[in-house]
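Visitor: I'd like to ask you about the structure that follows.
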Amino acid sequence: MQIKRYIEAYIPVNICNMKCSYCYLNKNINKVICELTHEPKEIARALSQKRLGGPALINLCAAGETTLLKEMPELTEALLAEGHAVSIVTNGIYTKYFETVENLPEEYRKRLFFKFSLHYFEMLRTNTTDTFFENVDRMKKAGCSFTIELTPDDDYLEVKEEIRKLCLEKAGAVCHVTIPRDDTTREHKLLSKYSLEELVENWKDFDSSLLRFKQEIWGERRCEFCYAGDWFFAVELLSGRMTQCYEGKELCCNIFENMDKKLPFKAVGTKCPSSHCYNGHAFLPLGLIPEVEAPTYAKLRDRVCADGSHWLTADMQDTLSSKLGNANKEYSRLKKHFLK
């Protein structure tokens with residue numbers, strides 16, 4: 001599926017069923033679960049293909065555990081019914097939600113992608129290791145796509161071989177590794193006592209393409225023309241507020257207002273306010289900055305298992321190999337010049 005836009009949709013959940021030492025939720029965040037102010041079908045209508053210009057990849061993510069939102073089953077189904085591809089960030093523990101996914105139509109499940117975060121020490125503490133991998137397997141058997149990602153906390157180094165063997169045994173392949181960051185800092189600094197080079201060296205035996213690409217772009221301020229704000233935007237599903245990117249300007253629209261009209265889009269251009277593109281592992285592979293060469297997002301997320309199966313289905317590999325520039329027109333030189 002060729003996607004027209006990539007959307008980061010914030011779920012109003014600031015509470016989690018885990019207590020990881022490296023998580024910003026342990027800092028100064030009010031721990032609450034809010035009820036959505038709009039019904040899931042209304043949210044899907046506000047993000048309809050008609051308003052967006054075509055199908056989108058919509059990432060559902062909360063500050064806490066995404067699947068704890070009461071309306072998550074209905075919201076997932078409503079967005080899939082609208083024809084979008086949906087990705088969900090989760091710690092994989094809340095089995096009740098995954099059981100609802102099994103009842104979705106096959107056509108919907110093929111467009112569903114789970115980013116399972118592996119929090120090893122918390123899984124041991126809460127005795128949920130088997131639950132995690134059972135839910136991963138549950139989604140694989142349901143025909144959904146998934147990836148498993150580890151935040152390489154310094155304390156994990158002493159047990160990294162345990163983690164590697166566990167993933168091979170339970171998921172058929174080793175988990176991917178990301179770069180830990182301190183989101184309580186304006187610069188989103190590296191959250192480790194090691195340098196970036198040392199951290200990557202420590203985890204090189206996991207052979208993670210995700211980690212390698214994030215190392216390449218880490219700390220690099222982007223000055224090229226970026227289409228965030230047009231081909232991508234972030235939205236708070238509680239308030240309907242739209243922003244160009246995580247730290248971009250607010251777009252002059254609320255998705256729940258004038259839902260019969262198309263949404264207004266305006267690219268960031270060369271005026272990115274972020275210190276560095278810390279989530280560029282998604283933005284650059286999907287083509288938000290066309291001039292930057294990057295592997296496909298599918299290549300950064302997939303794994304091939306010992307039995308030859310993939311974490312990503314063929315349909316999702318196709319979707320996550322999309323470049324947004326193939327479905328959108330780049331701005332003219334004149335339009336870029338007068339962008340403010």
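Naming works like this for the structure tokens: A, B, ... for the chains as they're shown, residue 1 at the start of each chain, ligands 1 onward in shown order.
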I need the residues in stretch 117-146 of chain A that are strand (DSSP E) according to DSSP; give them as a list in words.

Guide: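 Selection result, strand (DSSP E) within stretch 117-146 of chain A: Ser117, Leu118, Ser145 and Phe146 of chain A.
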
Visitor: Residues of the last selection are to be written out with N, CA and C atoms, as a PDB file, in the first residue's frame.

Guide:
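As written to disk, part_11.pdb reads:
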ATOM      1  N   SER A 117       7.848  -3.233  22.776  1.00  0.00           N
ATOM      2  CA  SER A 117       9.003  -2.788  23.554  1.00  0.00           C
ATOM      3  C   SER A 117       9.321  -3.837  24.615  1.00  0.00           C
ATOM      4  N   LEU A 118      10.544  -4.329  24.588  1.00  0.00           N
ATOM      5  CA  LEU A 118      10.953  -5.386  25.504  1.00  0.00           C
ATOM      6  C   LEU A 118      11.636  -4.751  26.725  1.00  0.00           C
ATOM      7  N   SER A 145       1.755  -7.740  11.659  1.00  0.00           N
ATOM      8  CA  SER A 145       3.202  -7.557  11.620  1.00  0.00           C
ATOM      9  C   SER A 145       3.676  -7.040  12.966  1.00  0.00           C
ATOM     10  N   PHE A 146       4.954  -7.242  13.240  1.00  0.00           N
ATOM     11  CA  PHE A 146       5.487  -6.770  14.508  1.00  0.00           C
ATOM     12  C   PHE A 146       6.987  -6.576  14.414  1.00  0.00           C
TER      13      PHE A 146
END

Visitor: Determine, counting only C-alpha atoms, which protein, DNA and RNA residues have an atom within 8 Å of an atom of A:Gln2; residues of the same chain fewer than 6 positions away are not included. Present the result as a list in words.

Guide: Pro55, Asp318, Thr319, Ser322, Lys323, Leu324, Asn326 and Ala327 of chain A

Visitor: Check the smallest atom-to-atom distance from each of A:Met259, A:Cys245, A:Ile43, A:Leu52 to A:Leu75 using only C-alpha atoms, then report the winner.

Guide: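 Residue with the minimum atom-to-atom distance to A:Leu75: A:Ile43.
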
Visitor: List the spatial neighbours of A:Arg333 as a PDB file with all heavy atoms, in the first residue's frame - criterion: any atom at most 12 Å away, only C-alpha atoms, same-chain residues fewer than 4 positions off excluded.

Guide:
ATOM      1  N   PHE A 225      15.315  20.656   3.398  1.00  0.00           N
ATOM      2  CA  PHE A 225      13.880  20.952   3.357  1.00  0.00           C
ATOM      3  C   PHE A 225      13.096  19.714   3.792  1.00  0.00           C
ATOM      4  O   PHE A 225      13.174  18.658   3.155  1.00  0.00           O
ATOM      5  CB  PHE A 225      13.443  21.370   1.959  1.00  0.00           C
ATOM      6  CG  PHE A 225      12.058  21.981   1.942  1.00  0.00           C
ATOM      7  CD1 PHE A 225      11.893  23.357   2.055  1.00  0.00           C
ATOM      8  CD2 PHE A 225      10.923  21.190   1.843  1.00  0.00           C
ATOM      9  CE1 PHE A 225      10.627  23.915   2.062  1.00  0.00           C
ATOM     10  CE2 PHE A 225       9.656  21.738   1.862  1.00  0.00           C
ATOM     11  CZ  PHE A 225       9.511  23.110   1.972  1.00  0.00           C
ATOM     12  N   GLY A 269       9.815  22.933   6.331  1.00  0.00           N
ATOM     13  CA  GLY A 269      10.847  23.453   5.449  1.00  0.00           C
ATOM     14  C   GLY A 269      12.227  23.318   6.065  1.00  0.00           C
ATOM     15  O   GLY A 269      12.579  22.276   6.618  1.00  0.00           O
ATOM     16  N   HIS A 337      10.663  29.076  -1.261  1.00  0.00           N
ATOM     17  CA  HIS A 337      11.281  30.363  -0.962  1.00  0.00           C
ATOM     18  C   HIS A 337      10.377  31.225  -0.083  1.00  0.00           C
ATOM     19  O   HIS A 337      10.859  31.903   0.842  1.00  0.00           O
ATOM     20  CB  HIS A 337      11.602  31.112  -2.251  1.00  0.00           C
ATOM     21  CG  HIS A 337      12.189  32.472  -2.045  1.00  0.00           C
ATOM     22  ND1 HIS A 337      13.492  32.651  -1.626  1.00  0.00           N
ATOM     23  CD2 HIS A 337      11.642  33.714  -2.161  1.00  0.00           C
ATOM     24  CE1 HIS A 337      13.743  33.948  -1.512  1.00  0.00           C
ATOM     25  NE2 HIS A 337      12.635  34.619  -1.828  1.00  0.00           N
ATOM     26  N   PHE A 338       9.069  31.199  -0.342  1.00  0.00           N
ATOM     27  CA  PHE A 338       8.150  32.075   0.392  1.00  0.00           C
ATOM     28  C   PHE A 338       7.506  31.390   1.599  1.00  0.00           C
ATOM     29  O   PHE A 338       6.638  31.967   2.249  1.00  0.00           O
ATOM     30  CB  PHE A 338       7.058  32.585  -0.545  1.00  0.00           C
ATOM     31  CG  PHE A 338       7.540  33.656  -1.487  1.00  0.00           C
ATOM     32  CD1 PHE A 338       7.784  33.354  -2.824  1.00  0.00           C
ATOM     33  CD2 PHE A 338       7.769  34.942  -1.038  1.00  0.00           C
ATOM     34  CE1 PHE A 338       8.237  34.338  -3.696  1.00  0.00           C
ATOM     35  CE2 PHE A 338       8.224  35.933  -1.906  1.00  0.00           C
ATOM     36  CZ  PHE A 338       8.459  35.629  -3.237  1.00  0.00           C
ATOM     37  N   LEU A 339       7.930  30.153   1.904  1.00  0.00           N
ATOM     38  CA  LEU A 339       7.388  29.457   3.060  1.00  0.00           C
ATOM     39  C   LEU A 339       7.846  30.141   4.342  1.00  0.00           C
ATOM     40  O   LEU A 339       9.027  30.355   4.562  1.00  0.00           O
ATOM     41  CB  LEU A 339       7.848  27.989   3.066  1.00  0.00           C
ATOM     42  CG  LEU A 339       7.247  27.101   4.141  1.00  0.00           C
ATOM     43  CD1 LEU A 339       5.760  26.880   3.896  1.00  0.00           C
ATOM     44  CD2 LEU A 339       7.961  25.756   4.186  1.00  0.00           C
TER      45      LEU A 339
END

Visitor: Name all residues at most 10 Å from A:Glu8 (count only C-alpha atoms; drop same-chain ones fewer than 2 positions away) and give them as a list of chain:residue names.

Guide: A:Tyr6, A:Tyr10, A:Ile11, A:Leu57, A:Ile58, A:Asn59, A:Leu60, A:Cys61, A:Ser87, A:Phe232, A:Phe233, A:Ala234, A:Val235, A:Glu236, A:Leu237, A:Met242, A:Thr243, A:Cys245, A:Tyr246

Visitor: Smallest atom-to-atom distance to A:Lys41: which of A:Thr66, A:Asn17, A:Thr95, A:Thr76, using only C-alpha atoms?

Guide: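 Among A:Thr66, A:Asn17, A:Thr95, A:Thr76, it is A:Thr76 that comes nearest to A:Lys41.
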
Visitor: Looking at A:Lys271, A:Arg186, A:His176, A:Arg181, which one is nearest to A:Phe213, with distances taken over only C-alpha atoms?

Guide: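 Of all the options, A:His176 lies closest to A:Phe213.
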
Visitor: Please list as a list in words every residue within 10 Å of A:Pro105, counting only C-alpha atoms and excluding residues in the same chain fewer than 6 positions away.

Guide: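 Skipping anything fewer than 6 positions along the chain leaves Glu77, Leu80, Ala81 and Ala142 of chain A.
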
Visitor: Now that the selection is made, can you save its residues with N, CA, C and O atoms as a PDB file, in the first residue's frame?

Guide:
ATOM      1  N   GLU A  77      -9.991  -0.539  15.316  1.00  0.00           N
ATOM      2  CA  GLU A  77     -10.883  -1.017  14.264  1.00  0.00           C
ATOM      3  C   GLU A  77     -11.378   0.119  13.382  1.00  0.00           C
ATOM      4  O   GLU A  77     -11.450  -0.023  12.146  1.00  0.00           O
ATOM      5  N   LEU A  80      -8.640   1.273  10.957  1.00  0.00           N
ATOM      6  CA  LEU A  80      -8.423   0.248   9.931  1.00  0.00           C
ATOM      7  C   LEU A  80      -9.595   0.205   8.952  1.00  0.00           C
ATOM      8  O   LEU A  80      -9.401   0.005   7.746  1.00  0.00           O
ATOM      9  N   ALA A  81     -10.800   0.397   9.461  1.00  0.00           N
ATOM     10  CA  ALA A  81     -11.992   0.406   8.600  1.00  0.00           C
ATOM     11  C   ALA A  81     -11.941   1.564   7.609  1.00  0.00           C
ATOM     12  O   ALA A  81     -12.506   1.475   6.509  1.00  0.00           O
ATOM     13  N   ALA A 142      -2.089 -14.220  14.025  1.00  0.00           N
ATOM     14  CA  ALA A 142      -3.283 -13.494  13.546  1.00  0.00           C
ATOM     15  C   ALA A 142      -3.031 -12.812  12.206  1.00  0.00           C
ATOM     16  O   ALA A 142      -3.954 -12.253  11.620  1.00  0.00           O
TER      17      ALA A 142
END

Visitor: From the set A:Gly240, A:Thr67, A:Lys140, A:Leu334, which residue has the shortest atom-to-atom contact distance to A:Leu36, counting only C-alpha atoms?

Guide: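 Distance minimum relative to A:Leu36 lands on A:Gly240.
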